[in-house]
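What's in target-v9.pdb: PDB, C-alpha atoms
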```pdb
ATOM      1  CA  MET Q  26     -11.003 -12.506  10.633
ATOM      2  CA  TYR Q  27      -8.521 -11.358   8.001
ATOM      3  CA  GLN Q  28      -4.802 -11.601   8.776
ATOM      4  CA  GLU Q  29      -4.330  -7.827   8.711
ATOM      5  CA  GLU Q  30      -6.938  -7.357  11.448
ATOM      6  CA  ARG Q  31      -5.493 -10.234  13.479
ATOM      7  CA  LEU Q  32      -1.961  -8.783  13.327
ATOM      8  CA  LEU Q  33      -3.183  -5.446  14.650
ATOM      9  CA  LYS Q  34      -4.928  -7.212  17.542
ATOM     10  CA  ILE Q  35      -1.763  -9.183  18.304
ATOM     11  CA  LEU Q  36       0.172  -5.892  18.516
ATOM     12  CA  GLU Q  37      -2.494  -4.465  20.823
ATOM     13  CA  TYR Q  38      -2.169  -7.542  23.059
ATOM     14  CA  LEU Q  39       1.615  -7.197  23.133
ATOM     15  CA  LYS Q  40       1.357  -3.568  24.249
ATOM     16  CA  GLN Q  41      -0.405  -4.764  27.397
ATOM     17  CA  HIS Q  42       1.321  -8.100  28.038
ATOM     18  CA  GLN Q  43       4.742  -7.716  26.298
ATOM     19  CA  SER Q  44       4.757 -11.330  25.079
ATOM     20  CA  MET Q  45       2.423 -13.858  23.452
ATOM     21  CA  SER Q  46       2.732 -17.574  22.802
ATOM     22  CA  VAL Q  47       1.679 -19.571  19.766
ATOM     23  CA  MET Q  48      -1.017 -21.184  21.912
ATOM     24  CA  ASP Q  49      -2.283 -17.731  22.983
ATOM     25  CA  ILE Q  50      -2.746 -16.786  19.316
ATOM     26  CA  CYS Q  51      -4.492 -20.083  18.543
ATOM     27  CA  THR Q  52      -6.859 -19.715  21.507
ATOM     28  CA  GLN Q  53      -7.705 -16.042  21.158
ATOM     29  CA  PHE Q  54      -8.288 -16.076  17.414
ATOM     30  CA  ASP Q  55      -9.413 -19.688  16.911
ATOM     31  CA  VAL Q  56      -6.717 -20.430  14.327
ATOM     32  CA  SER Q  57      -4.370 -23.349  13.708
ATOM     33  CA  ARG Q  58      -0.764 -23.468  14.911
ATOM     34  CA  ASP Q  59       0.382 -23.096  11.288
ATOM     35  CA  THR Q  60      -1.647 -19.893  10.928
ATOM     36  CA  ALA Q  61      -0.278 -18.572  14.226
ATOM     37  CA  ARG Q  62       3.277 -19.277  13.081
ATOM     38  CA  ARG Q  63       2.639 -17.441   9.787
ATOM     39  CA  ASP Q  64       1.406 -14.435  11.774
ATOM     40  CA  ILE Q  65       4.575 -14.503  13.872
ATOM     41  CA  VAL Q  66       6.785 -14.741  10.765
ATOM     42  CA  ARG Q  67       5.006 -11.729   9.246
ATOM     43  CA  LEU Q  68       5.451  -9.571  12.334
ATOM     44  CA  VAL Q  69       9.091 -10.598  12.719
ATOM     45  CA  GLN Q  70       9.692  -9.775   9.035
ATOM     46  CA  GLU Q  71       8.214  -6.317   9.621
ATOM     47  CA  GLY Q  72      10.615  -5.740  12.483
ATOM     48  CA  VAL Q  73       7.879  -4.901  15.015
ATOM     49  CA  VAL Q  74       8.384  -7.990  17.225
ATOM     50  CA  ILE Q  75      11.128 -10.431  18.128
ATOM     51  CA  ARG Q  76      10.657 -14.189  18.009
ATOM     52  CA  THR Q  77      10.988 -16.112  21.260
ATOM     53  CA  HIS Q  78      10.892 -19.796  22.149
ATOM     54  CA  GLY Q  79       7.226 -20.654  21.681
ATOM     55  CA  GLY Q  80       5.998 -17.226  20.650
ATOM     56  CA  LEU Q  81       6.903 -13.561  20.250
ATOM     57  CA  SER Q  82       7.501 -10.393  22.256
ATOM     58  CA  LEU Q  83       8.027  -6.682  21.780
ATOM     59  CA  PRO Q  84      11.604  -5.459  21.310
ATOM     60  CA  GLU Q  85      12.923  -3.026  23.884
ATOM     61  CA  LEU Q  86      12.677  -0.232  21.345
ATOM     62  CA  GLN Q  87       9.314  -0.881  19.721
ATOM     63  CA  LYS Q  88       8.987  -0.097  16.022
ATOM     64  CA  GLU Q  89       5.252  -0.354  15.468
ATOM     65  CA  ILE Q  90       3.650  -0.299  12.029
ATOM     66  CA  LEU Q  91       2.847   3.352  11.409
ATOM     67  CA  SER Q  92      -0.742   4.456  11.113
ATOM     68  CA  TYR Q  93      -2.000   6.047   7.911
ATOM     69  CA  GLN Q  94      -1.998   9.546   9.441
ATOM     70  CA  ASP Q  95       1.620   9.153  10.596
ATOM     71  CA  ARG Q  96       2.701   8.016   7.139
ATOM     72  CA  LEU Q  97       0.859  10.943   5.552
ATOM     73  CA  ILE Q  98       3.059  13.376   7.469
ATOM     74  CA  ASP Q  99       6.282  11.463   6.777
ATOM     75  CA  GLU Q 100       8.069  12.844   3.655
ATOM     76  CA  SER Q 101       4.949  14.919   2.867
ATOM     77  CA  GLU Q 102       6.706  17.488   0.670
ATOM     78  CA  SER Q 103       8.304  14.784  -1.456
ATOM     79  CA  LYS Q 104       4.993  12.965  -1.755
ATOM     80  CA  LYS Q 105       3.251  16.173  -2.780
ATOM     81  CA  ARG Q 106       5.684  16.661  -5.676
ATOM     82  CA  ILE Q 107       5.253  13.041  -6.737
ATOM     83  CA  GLY Q 108       1.479  13.423  -6.553
ATOM     84  CA  LYS Q 109       1.587  16.531  -8.740
ATOM     85  CA  SER Q 110       3.573  14.680 -11.429
ATOM     86  CA  GLY Q 111       1.189  11.758 -11.286
ATOM     87  CA  ALA Q 112      -1.935  13.902 -11.509
ATOM     88  CA  LYS Q 113      -0.628  15.477 -14.740
ATOM     89  CA  LEU Q 114      -0.803  12.060 -16.429
ATOM     90  CA  ILE Q 115      -4.587  11.829 -15.988
ATOM     91  CA  GLN Q 116      -6.594  12.948 -19.020
ATOM     92  CA  ASP Q 117     -10.197  14.158 -19.290
ATOM     93  CA  HIS Q 118     -12.865  11.416 -19.431
ATOM     94  CA  GLU Q 119     -10.559   8.650 -18.192
ATOM     95  CA  THR Q 120     -11.377   5.954 -15.638
ATOM     96  CA  VAL Q 121      -8.700   5.907 -12.946
ATOM     97  CA  ILE Q 122      -8.114   3.484 -10.061
ATOM     98  CA  LEU Q 123      -6.601   5.107  -6.971
ATOM     99  CA  ASP Q 124      -4.983   2.795  -4.453
ATOM    100  CA  VAL Q 125      -4.873   3.281  -0.685
ATOM    101  CA  SER Q 126      -1.549   5.068  -0.233
ATOM    102  CA  THR Q 127      -0.522   8.358   1.302
ATOM    103  CA  THR Q 128       1.326   9.264  -1.906
ATOM    104  CA  VAL Q 129      -1.681   8.319  -4.047
ATOM    105  CA  GLN Q 130      -3.780  10.618  -1.871
ATOM    106  CA  PHE Q 131      -1.537  13.490  -3.000
ATOM    107  CA  VAL Q 132      -2.307  12.450  -6.594
ATOM    108  CA  ALA Q 133      -6.030  12.690  -5.802
ATOM    109  CA  GLU Q 134      -5.622  16.153  -4.273
ATOM    110  CA  GLN Q 135      -4.007  17.551  -7.427
ATOM    111  CA  ILE Q 136      -6.139  16.068 -10.219
ATOM    112  CA  SER Q 137      -7.116  18.780 -12.685
ATOM    113  CA  ALA Q 138      -8.600  16.532 -15.399
ATOM    114  CA  LYS Q 139     -12.357  16.788 -15.819
ATOM    115  CA  HIS Q 140     -15.184  14.296 -16.248
ATOM    116  CA  ILE Q 141     -13.162  11.359 -14.985
ATOM    117  CA  THR Q 142     -14.369   8.295 -13.073
ATOM    118  CA  VAL Q 143     -12.370   7.413  -9.955
ATOM    119  CA  VAL Q 144     -12.415   3.896  -8.507
ATOM    120  CA  THR Q 145     -11.036   3.524  -4.974
ATOM    121  CA  HIS Q 146     -11.325   1.753  -1.608
ATOM    122  CA  SER Q 147      -9.646   4.626   0.274
ATOM    123  CA  ILE Q 148     -11.963   6.698   2.439
ATOM    124  CA  ASP Q 149      -9.475   9.594   2.271
ATOM    125  CA  ASN Q 150      -9.479   9.591  -1.535
ATOM    126  CA  VAL Q 151     -13.283   9.739  -1.391
ATOM    127  CA  ALA Q 152     -13.193  12.650   1.061
ATOM    128  CA  THR Q 153     -10.587  14.480  -1.036
ATOM    129  CA  LEU Q 154     -12.610  14.211  -4.256
ATOM    130  CA  SER Q 155     -16.144  14.416  -2.870
ATOM    131  CA  ASN Q 156     -16.412  18.171  -3.545
ATOM    132  CA  ARG Q 157     -15.723  17.679  -7.261
ATOM    133  CA  GLU Q 158     -18.990  17.844  -9.203
ATOM    134  CA  ASP Q 159     -17.256  17.147 -12.519
ATOM    135  CA  LEU Q 160     -16.256  13.572 -11.728
ATOM    136  CA  GLN Q 161     -17.771  10.284 -10.594
ATOM    137  CA  ILE Q 162     -16.509   8.238  -7.649
ATOM    138  CA  TYR Q 163     -17.011   4.479  -7.508
ATOM    139  CA  VAL Q 164     -16.293   3.142  -4.018
ATOM    140  CA  LEU Q 165     -15.152  -0.468  -3.696
ATOM    141  CA  GLY Q 166     -17.159  -1.656  -0.701
ATOM    142  CA  GLY Q 167     -16.061  -3.899   2.143
ATOM    143  CA  TYR Q 168     -15.210  -3.856   5.838
ATOM    144  CA  LEU Q 169     -13.699  -0.665   7.275
ATOM    145  CA  ASN Q 170     -10.133  -0.687   8.627
ATOM    146  CA  VAL Q 171     -10.094   2.490  10.711
ATOM    147  CA  LYS Q 172      -6.352   2.594  11.388
ATOM    148  CA  HIS Q 173      -5.310   2.319   7.736
ATOM    149  CA  ARG Q 174      -8.429   4.134   6.463
ATOM    150  CA  LEU Q 175      -9.451   1.615   3.835
ATOM    151  CA  LEU Q 176     -12.188  -0.827   2.949
ATOM    152  CA  TYR Q 177     -11.120  -4.460   2.744
ATOM    153  CA  GLY Q 178     -12.457  -7.944   2.076
ATOM    154  CA  SER Q 179     -13.030 -10.352  -0.791
ATOM    155  CA  SER Q 180     -15.677  -8.034  -2.268
ATOM    156  CA  ILE Q 181     -12.932  -5.539  -3.209
ATOM    157  CA  ILE Q 182     -11.304  -7.967  -5.644
ATOM    158  CA  ASP Q 183     -14.706  -9.195  -6.867
ATOM    159  CA  LYS Q 184     -15.697  -5.655  -7.834
ATOM    160  CA  LEU Q 185     -12.331  -4.891  -9.404
ATOM    161  CA  SER Q 186     -12.723  -7.929 -11.668
ATOM    162  CA  GLU Q 187     -15.759  -6.222 -13.258
ATOM    163  CA  ILE Q 188     -13.939  -2.958 -14.045
ATOM    164  CA  ARG Q 189     -11.680  -1.752 -16.853
ATOM    165  CA  ALA Q 190      -9.615   1.391 -16.178
ATOM    166  CA  ASP Q 191      -7.322   3.576 -18.241
ATOM    167  CA  LYS Q 192      -4.831   4.031 -15.391
ATOM    168  CA  ALA Q 193      -4.113   2.710 -11.916
ATOM    169  CA  PHE Q 194      -2.046   4.591  -9.357
ATOM    170  CA  ILE Q 195      -0.617   2.321  -6.692
ATOM    171  CA  GLY Q 196       1.827   2.736  -3.824
ATOM    172  CA  ALA Q 197       4.455   0.380  -2.410
ATOM    173  CA  ALA Q 198       5.813  -0.409   1.039
ATOM    174  CA  ALA Q 199       9.180  -1.300  -0.490
ATOM    175  CA  ILE Q 200      10.782  -1.576  -3.927
ATOM    176  CA  ARG Q 201      13.565  -4.115  -4.470
ATOM    177  CA  THR Q 202      15.371  -5.469  -7.525
ATOM    178  CA  ASP Q 203      12.714  -8.171  -7.995
ATOM    179  CA  GLY Q 204       9.548  -6.114  -7.600
ATOM    180  CA  LEU Q 205       7.241  -4.157  -5.322
ATOM    181  CA  TYR Q 206       6.583  -5.338  -1.775
ATOM    182  CA  TYR Q 207       3.680  -5.040   0.678
ATOM    183  CA  PRO Q 208       3.250  -6.058   4.334
ATOM    184  CA  TYR Q 209      -0.100  -7.826   3.911
ATOM    185  CA  GLU Q 210      -1.098 -10.616   1.550
ATOM    186  CA  GLU Q 211      -4.519  -9.134   0.838
ATOM    187  CA  ASP Q 212      -2.941  -5.760   0.042
ATOM    188  CA  ALA Q 213      -0.687  -7.353  -2.569
ATOM    189  CA  ARG Q 214      -3.650  -9.240  -4.066
ATOM    190  CA  VAL Q 215      -5.663  -6.020  -4.386
ATOM    191  CA  LYS Q 216      -2.746  -4.242  -6.086
ATOM    192  CA  ARG Q 217      -2.317  -7.152  -8.477
ATOM    193  CA  GLU Q 218      -5.990  -7.045  -9.471
ATOM    194  CA  MET Q 219      -5.867  -3.269  -9.920
ATOM    195  CA  ALA Q 220      -2.905  -3.723 -12.251
ATOM    196  CA  ARG Q 221      -4.641  -6.460 -14.225
ATOM    197  CA  ARG Q 222      -7.720  -4.315 -14.737
ATOM    198  CA  SER Q 223      -5.827  -1.217 -15.965
ATOM    199  CA  ASP Q 224      -4.242  -0.310 -19.292
ATOM    200  CA  GLN Q 225      -1.419   1.567 -17.556
ATOM    201  CA  VAL Q 226      -0.030   1.099 -14.050
ATOM    202  CA  ILE Q 227       1.771   3.985 -12.352
ATOM    203  CA  VAL Q 228       3.649   3.442  -9.094
ATOM    204  CA  VAL Q 229       4.132   6.522  -6.901
ATOM    205  CA  ALA Q 230       6.809   6.071  -4.233
ATOM    206  CA  ASP Q 231       9.246   8.365  -2.434
ATOM    207  CA  HIS Q 232      12.955   7.530  -2.070
ATOM    208  CA  THR Q 233      12.557   5.808   1.307
ATOM    209  CA  LYS Q 234      10.740   2.896  -0.348
ATOM    210  CA  PHE Q 235      13.901   1.886  -2.235
ATOM    211  CA  VAL Q 236      15.759   1.031   0.978
ATOM    212  CA  GLY Q 237      12.872  -0.585   2.843
ATOM    213  CA  LYS Q 238      11.771  -4.181   3.198
ATOM    214  CA  SER Q 239       8.405  -5.888   3.260
ATOM    215  CA  PHE Q 240       6.855  -9.316   2.740
ATOM    216  CA  TYR Q 241       4.542  -9.942  -0.239
ATOM    217  CA  ARG Q 242       5.779  -9.288  -3.775
ATOM    218  CA  LEU Q 243       4.172  -7.811  -6.880
ATOM    219  CA  ASP Q 244       6.211  -8.431 -10.025
ATOM    220  CA  PHE Q 245       7.564  -5.523 -12.082
ATOM    221  CA  ASP Q 246       5.815  -7.004 -15.134
ATOM    222  CA  PHE Q 247       2.636  -5.272 -13.954
ATOM    223  CA  VAL Q 248       4.276  -1.811 -13.870
ATOM    224  CA  ASP Q 249       4.549   0.785 -16.657
ATOM    225  CA  ILE Q 250       5.747   3.937 -14.867
ATOM    226  CA  ILE Q 251       7.413   4.725 -11.533
ATOM    227  CA  ILE Q 252       7.334   8.258 -10.176
ATOM    228  CA  THR Q 253       9.727   9.091  -7.354
ATOM    229  CA  ASN Q 254      11.596  12.085  -5.922
ATOM    230  CA  GLN Q 255      15.255  11.041  -6.041
ATOM    231  CA  GLU Q 256      17.607   9.027  -8.178
ATOM    232  CA  ILE Q 257      16.842   5.321  -7.963
ATOM    233  CA  PRO Q 258      19.608   2.939  -6.777
ATOM    234  CA  SER Q 259      21.586   1.741  -9.796
ATOM    235  CA  GLU Q 260      20.866  -1.975  -9.300
ATOM    236  CA  ILE Q 261      17.109  -1.321  -9.310
ATOM    237  CA  ARG Q 262      17.329   1.175 -12.175
ATOM    238  CA  GLU Q 263      19.099  -1.449 -14.295
ATOM    239  CA  VAL Q 264      16.205  -3.884 -13.806
ATOM    240  CA  LEU Q 265      13.636  -1.200 -14.630
ATOM    241  CA  ASP Q 266      15.480  -0.324 -17.838
ATOM    242  CA  GLN Q 267      15.529  -3.998 -18.838
ATOM    243  CA  LYS Q 268      11.773  -4.179 -18.352
ATOM    244  CA  ASN Q 269      11.141  -0.905 -20.228
ATOM    245  CA  ILE Q 270       9.590   0.759 -17.183
ATOM    246  CA  THR Q 271       9.579   4.545 -17.445
ATOM    247  CA  VAL Q 272      11.025   6.378 -14.437
ATOM    248  CA  ILE Q 273       9.999   9.955 -13.636
ATOM    249  CA  GLU Q 274      12.154  11.669 -11.030
ATOM    250  CA  CYS Q 275      10.561  14.806  -9.557
ATOM    251  CA  GLU Q 276      12.977  17.642  -8.985
ATOM    252  CA  GLU Q 277      12.970  19.906  -5.942
ATOM    253  CA  GLU Q 278      10.873  22.998  -6.524
ATOM    254  CA  ASN Q 279      12.692  26.333  -6.362
ATOM    255  CA  GLU Q 280      11.711  28.562  -3.460
TER     256      GLU Q 280
END
```

Representation of the structure as structure tokens:
Amino acid sequence: MYQEERLLKILEYLKQHQSMSVMDICTQFDVSRDTARRDIVRLVQEGVVIRTHGGLSLPELQKEILSYQDRLIDESESKKRIGKSGAKLIQDHETVILDVSTTVQFVAEQISAKHITVVTHSIDNVATLSNREDLQIYVLGGYLNVKHRLLYGSSIIDKLSEIRADKAFIGAAAIRTDGLYYPYEEDARVKREMARRSDQVIVVADHTKFVGKSFYRLDFDFVDIIITNQEIPSEIREVLDQKNITVIECEEENE
């Protein structure tokens, strides 16, 4: 069982029982104490649980990891503008990797370029583009995560290693002065491989990502362009300028 799936099951258990010990995690998921402790650290870092002596429990005001559908609604107008700017960068006949991200989905919805090849492991990107007869869709196969609407597993990275793309559009859970951040290790690994296999990497992220926190880091060295909807905090903008990363700030559309 991958860590992402295990963390979701731990949260489901906590909803019913309110608390869970290290030994409970070891027994239920047949993992070592070290693995159980890493799971606890991850959930504490995300702010969805509190650490207790010997385990973890839900805080009084639970802040659960949002589902994909919930995140799609959140800041949707900002994400739509970002997606429109990103879609304009795609040229006819290009091969484009589209990450699993609500903002990347808005890129997919607004692609006007023709005869492109899209590579993705997002079932929503596939659904969005499936009515386009003028493009090809290559689906990175794996196990289905229903909640986050993606395919996952080692086969995703294996397939990416065989591909060369003109552009990759990726999202981020958080953006700090030292890079992009993601809540799951496998998610960060997939993003890293997408970046390695693409000539240009474009990050699409609304303003809320610049004040958030997450766990696993992807270095800015992989990034060429960041598209967002508001002015970036000065300390992060300074780092981006040093690394010659282009920033595109989408303006509010006039009514």

Distance in Å - CA of Ser155 (chain Q) versus CA of Val248 (chain Q) =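 Result for CA of Ser155 (chain Q) versus CA of Val248 (chain Q): 28.3 Å, one decimal.
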
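In this model, the gap between CA of Asp224 (chain Q) and CA of Ile200 (chain Q) comes to 21.5 Å.
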
Interatomic distance (Å, one decimal) between CA of Ile148 (chain Q) and CA of Val125 (chain Q) |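 For CA of Ile148 (chain Q) relative to CA of Val125 (chain Q), the distance reads 8.5 Å.
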
If the PyMOL selection byres ((chain Q and resi 240) around 7) is run on the structure shown, which residues does it catch, given as a PDB file with C-alpha atoms, in the coordinates of the input?
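To be explicit, this is the file written out as expr28.pdb:
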```pdb
ATOM      1  CA  GLN Q  70       9.692  -9.775   9.035  1.00  0.00           C
ATOM      2  CA  TYR Q 206       6.583  -5.338  -1.775  1.00  0.00           C
ATOM      3  CA  TYR Q 207       3.680  -5.040   0.678  1.00  0.00           C
ATOM      4  CA  PRO Q 208       3.250  -6.058   4.334  1.00  0.00           C
ATOM      5  CA  SER Q 239       8.405  -5.888   3.260  1.00  0.00           C
ATOM      6  CA  TYR Q 241       4.542  -9.942  -0.239  1.00  0.00           C
ATOM      7  CA  ARG Q 242       5.779  -9.288  -3.775  1.00  0.00           C
TER       8      ARG Q 242
END
```

Pick from Q:Asp59, Q:Glu211, Q:Asp249, Q:Glu263, whichever lies nearest to Phe194 (chain Q) using all atoms listed in the file = Q:Asp249

Find the axis-aligned box for region 158-163 of chain Q, covering all its listed atoms and adding 3 Å on each side, and write its centre and edge lengths in Å to one decimal as lines of an AutoDock Vina configuration file.
```
center_x = -17.6
center_y = 11.2
center_z = -10.0
size_x = 8.7
size_y = 19.4
size_z = 11.0
```

Long-range neighbours of region 265-267 of chain Q as a list in words, 12 Å cut-off, all atoms listed in the file, 4 positions minimum in chain =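 Near neighbours after the sequence-gap exclusion: Ile200, Arg201, Thr202, Asp203, Gly204, Leu205, Asp244, Phe245, Asp246, Phe247, Val248, Asp249, Ile250, Ile251, Ile257, Pro258, Ser259, Glu260, Ile261, Thr271, Val272 and Ile273 of chain Q.
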
Which is closer to Ala190 (chain Q) than all the others in Q:Ile115, Q:Ile65, Q:Leu154, Q:Ala230, using only C-alpha atoms?
->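 Closest to Ala190 (chain Q), using only C-alpha atoms: Q:Ile115.
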
Please tell me which residues are no farther than 10 Å from (-3.5, 15.6, -3.1) in the file, counting all atoms listed in the file, and write them as a list in words.
->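 Checked against the point, the hits come out as Lys104, Lys105, Arg106, Ile107, Gly108, Lys109, Ala112, Thr127, Thr128, Val129, Gln130, Phe131, Val132, Ala133, Glu134, Gln135, Ile136, Asn150, Thr153 and Leu154 of chain Q.
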
Leu169 (chain Q): which residues within 10 Å, counting all atoms listed in the file, same-chain residues fewer than 4 positions away excluded, as a PyMOL selection string?
-> chain Q and resi 146-148+173-178

Counting only C-alpha atoms, figure out which residue out of Q:His232, Q:Lys139, Q:Lys184, Q:Arg76 gets nearest to Asp117 (chain Q).
->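 Among the listed residues, Q:Lys139 lies closest to Asp117 (chain Q).
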
So which one's closest to Val143 (chain Q), Q:Val264, Q:Leu68, Q:Ile252, Q:Leu165? Using all atoms listed in the file, please.
->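 Comparing Q:Val264, Q:Leu68, Q:Ile252, Q:Leu165 against Val143 (chain Q), the winner is Q:Leu165.
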
Using only C-alpha atoms, determine which residues lie at most 7 Å from region 214-220 of chain Q, disregarding the query and same-chain residues fewer than 5 positions distant; provide the list as a list in words.
->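 In the requested form, the answer reads Ile182, Leu185, Ala193, Ile195, Val226, Leu243 and Phe247 of chain Q.
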
Hits of the PyMOL selection byres ((chain Q and resi 45) around 9) in this structure, as number ranges by chain | Q: 35, 38-39, 42-44, 46-50, 79-82

Please write the residues from the selection above to a file, keeping C-alpha atoms, as a compact mmCIF listing (two decimals), in the frame of the given file.
```txt
# COMPACT_ATOMS: atom_id res chain seq x y z
CA ILE Q 35 -1.76 -9.18 18.30
CA TYR Q 38 -2.17 -7.54 23.06
CA LEU Q 39 1.62 -7.20 23.13
CA HIS Q 42 1.32 -8.10 28.04
CA GLN Q 43 4.74 -7.72 26.30
CA SER Q 44 4.76 -11.33 25.08
CA SER Q 46 2.73 -17.57 22.80
CA VAL Q 47 1.68 -19.57 19.77
CA MET Q 48 -1.02 -21.18 21.91
CA ASP Q 49 -2.28 -17.73 22.98
CA ILE Q 50 -2.75 -16.79 19.32
CA GLY Q 79 7.23 -20.65 21.68
CA GLY Q 80 6.00 -17.23 20.65
CA LEU Q 81 6.90 -13.56 20.25
CA SER Q 82 7.50 -10.39 22.26
```

Counting all atoms listed in the file, find the residues whose atoms lie at most 12 Å from (-2.6, -16.6, 8.1) (file coordinates) and write them out as a ChimeraX atom specification.
-> /Q:26-32,50-51,54-68,209-211

Taking into account only C-alpha atoms, which residue in the set Q:Ala138, Q:Val236, Q:Ile227, Q:Ala213 is nearest to Ala199 (chain Q)?
->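 Result for the nearest residue to Ala199 (chain Q): Q:Val236.
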
As a PDB file, in the coordinates of the input, could you write out region 208-215 of chain Q once it has been completed with all heavy atoms?
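Final output, saved to out_36.pdb:
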```pdb
ATOM      1  N   PRO Q 208       3.218  -5.312   3.078  1.00  0.00           N
ATOM      2  CA  PRO Q 208       3.250  -6.058   4.334  1.00  0.00           C
ATOM      3  C   PRO Q 208       2.144  -7.095   4.473  1.00  0.00           C
ATOM      4  O   PRO Q 208       2.277  -8.039   5.257  1.00  0.00           O
ATOM      5  CB  PRO Q 208       3.105  -4.965   5.400  1.00  0.00           C
ATOM      6  CG  PRO Q 208       2.393  -3.860   4.708  1.00  0.00           C
ATOM      7  CD  PRO Q 208       2.876  -3.893   3.287  1.00  0.00           C
ATOM      8  N   TYR Q 209       1.035  -6.935   3.741  1.00  0.00           N
ATOM      9  CA  TYR Q 209      -0.100  -7.826   3.911  1.00  0.00           C
ATOM     10  C   TYR Q 209      -0.443  -8.536   2.608  1.00  0.00           C
ATOM     11  O   TYR Q 209      -0.430  -7.933   1.533  1.00  0.00           O
ATOM     12  CB  TYR Q 209      -1.318  -7.046   4.410  1.00  0.00           C
ATOM     13  CG  TYR Q 209      -1.043  -6.262   5.666  1.00  0.00           C
ATOM     14  CD1 TYR Q 209      -1.101  -4.873   5.662  1.00  0.00           C
ATOM     15  CD2 TYR Q 209      -0.691  -6.910   6.847  1.00  0.00           C
ATOM     16  CE1 TYR Q 209      -0.836  -4.145   6.812  1.00  0.00           C
ATOM     17  CE2 TYR Q 209      -0.426  -6.194   8.002  1.00  0.00           C
ATOM     18  CZ  TYR Q 209      -0.497  -4.816   7.980  1.00  0.00           C
ATOM     19  OH  TYR Q 209      -0.226  -4.100   9.113  1.00  0.00           O
ATOM     20  N   GLU Q 210      -0.787  -9.805   2.732  1.00  0.00           N
ATOM     21  CA  GLU Q 210      -1.098 -10.616   1.550  1.00  0.00           C
ATOM     22  C   GLU Q 210      -2.285 -10.049   0.787  1.00  0.00           C
ATOM     23  O   GLU Q 210      -2.273  -9.960  -0.436  1.00  0.00           O
ATOM     24  CB  GLU Q 210      -1.378 -12.061   1.969  1.00  0.00           C
ATOM     25  CG  GLU Q 210      -1.660 -12.991   0.798  1.00  0.00           C
ATOM     26  CD  GLU Q 210      -1.860 -14.431   1.236  1.00  0.00           C
ATOM     27  OE1 GLU Q 210      -2.019 -14.674   2.448  1.00  0.00           O
ATOM     28  OE2 GLU Q 210      -1.853 -15.310   0.359  1.00  0.00           O
ATOM     29  N   GLU Q 211      -3.329  -9.656   1.511  1.00  0.00           N
ATOM     30  CA  GLU Q 211      -4.519  -9.134   0.838  1.00  0.00           C
ATOM     31  C   GLU Q 211      -4.198  -7.838   0.096  1.00  0.00           C
ATOM     32  O   GLU Q 211      -4.706  -7.600  -1.002  1.00  0.00           O
ATOM     33  CB  GLU Q 211      -5.644  -8.879   1.846  1.00  0.00           C
ATOM     34  CG  GLU Q 211      -6.902  -8.369   1.159  1.00  0.00           C
ATOM     35  CD  GLU Q 211      -8.047  -8.120   2.112  1.00  0.00           C
ATOM     36  OE1 GLU Q 211      -7.943  -8.506   3.291  1.00  0.00           O
ATOM     37  OE2 GLU Q 211      -9.047  -7.543   1.665  1.00  0.00           O
ATOM     38  N   ASP Q 212      -3.330  -7.012   0.682  1.00  0.00           N
ATOM     39  CA  ASP Q 212      -2.941  -5.760   0.042  1.00  0.00           C
ATOM     40  C   ASP Q 212      -2.270  -6.037  -1.297  1.00  0.00           C
ATOM     41  O   ASP Q 212      -2.567  -5.384  -2.315  1.00  0.00           O
ATOM     42  CB  ASP Q 212      -1.989  -4.996   0.970  1.00  0.00           C
ATOM     43  CG  ASP Q 212      -1.888  -3.525   0.606  1.00  0.00           C
ATOM     44  OD1 ASP Q 212      -2.816  -3.001  -0.028  1.00  0.00           O
ATOM     45  OD2 ASP Q 212      -0.879  -2.901   0.961  1.00  0.00           O
ATOM     46  N   ALA Q 213      -1.365  -6.997  -1.322  1.00  0.00           N
ATOM     47  CA  ALA Q 213      -0.687  -7.353  -2.569  1.00  0.00           C
ATOM     48  C   ALA Q 213      -1.673  -7.895  -3.595  1.00  0.00           C
ATOM     49  O   ALA Q 213      -1.562  -7.606  -4.792  1.00  0.00           O
ATOM     50  CB  ALA Q 213       0.411  -8.381  -2.291  1.00  0.00           C
ATOM     51  N   ARG Q 214      -2.642  -8.684  -3.149  1.00  0.00           N
ATOM     52  CA  ARG Q 214      -3.650  -9.240  -4.066  1.00  0.00           C
ATOM     53  C   ARG Q 214      -4.495  -8.135  -4.681  1.00  0.00           C
ATOM     54  O   ARG Q 214      -4.813  -8.172  -5.876  1.00  0.00           O
ATOM     55  CB  ARG Q 214      -4.544 -10.231  -3.324  1.00  0.00           C
ATOM     56  CG  ARG Q 214      -3.864 -11.540  -2.945  1.00  0.00           C
ATOM     57  CD  ARG Q 214      -4.803 -12.433  -2.174  1.00  0.00           C
ATOM     58  NE  ARG Q 214      -5.994 -12.727  -2.943  1.00  0.00           N
ATOM     59  CZ  ARG Q 214      -7.207 -12.896  -2.407  1.00  0.00           C
ATOM     60  NH1 ARG Q 214      -7.389 -12.770  -1.110  1.00  0.00           N
ATOM     61  NH2 ARG Q 214      -8.237 -13.186  -3.178  1.00  0.00           N
ATOM     62  N   VAL Q 215      -4.864  -7.134  -3.879  1.00  0.00           N
ATOM     63  CA  VAL Q 215      -5.663  -6.020  -4.386  1.00  0.00           C
ATOM     64  C   VAL Q 215      -4.867  -5.231  -5.422  1.00  0.00           C
ATOM     65  O   VAL Q 215      -5.377  -4.892  -6.497  1.00  0.00           O
ATOM     66  CB  VAL Q 215      -6.114  -5.102  -3.231  1.00  0.00           C
ATOM     67  CG1 VAL Q 215      -6.702  -3.794  -3.773  1.00  0.00           C
ATOM     68  CG2 VAL Q 215      -7.145  -5.809  -2.362  1.00  0.00           C
TER      69      VAL Q 215
END
```
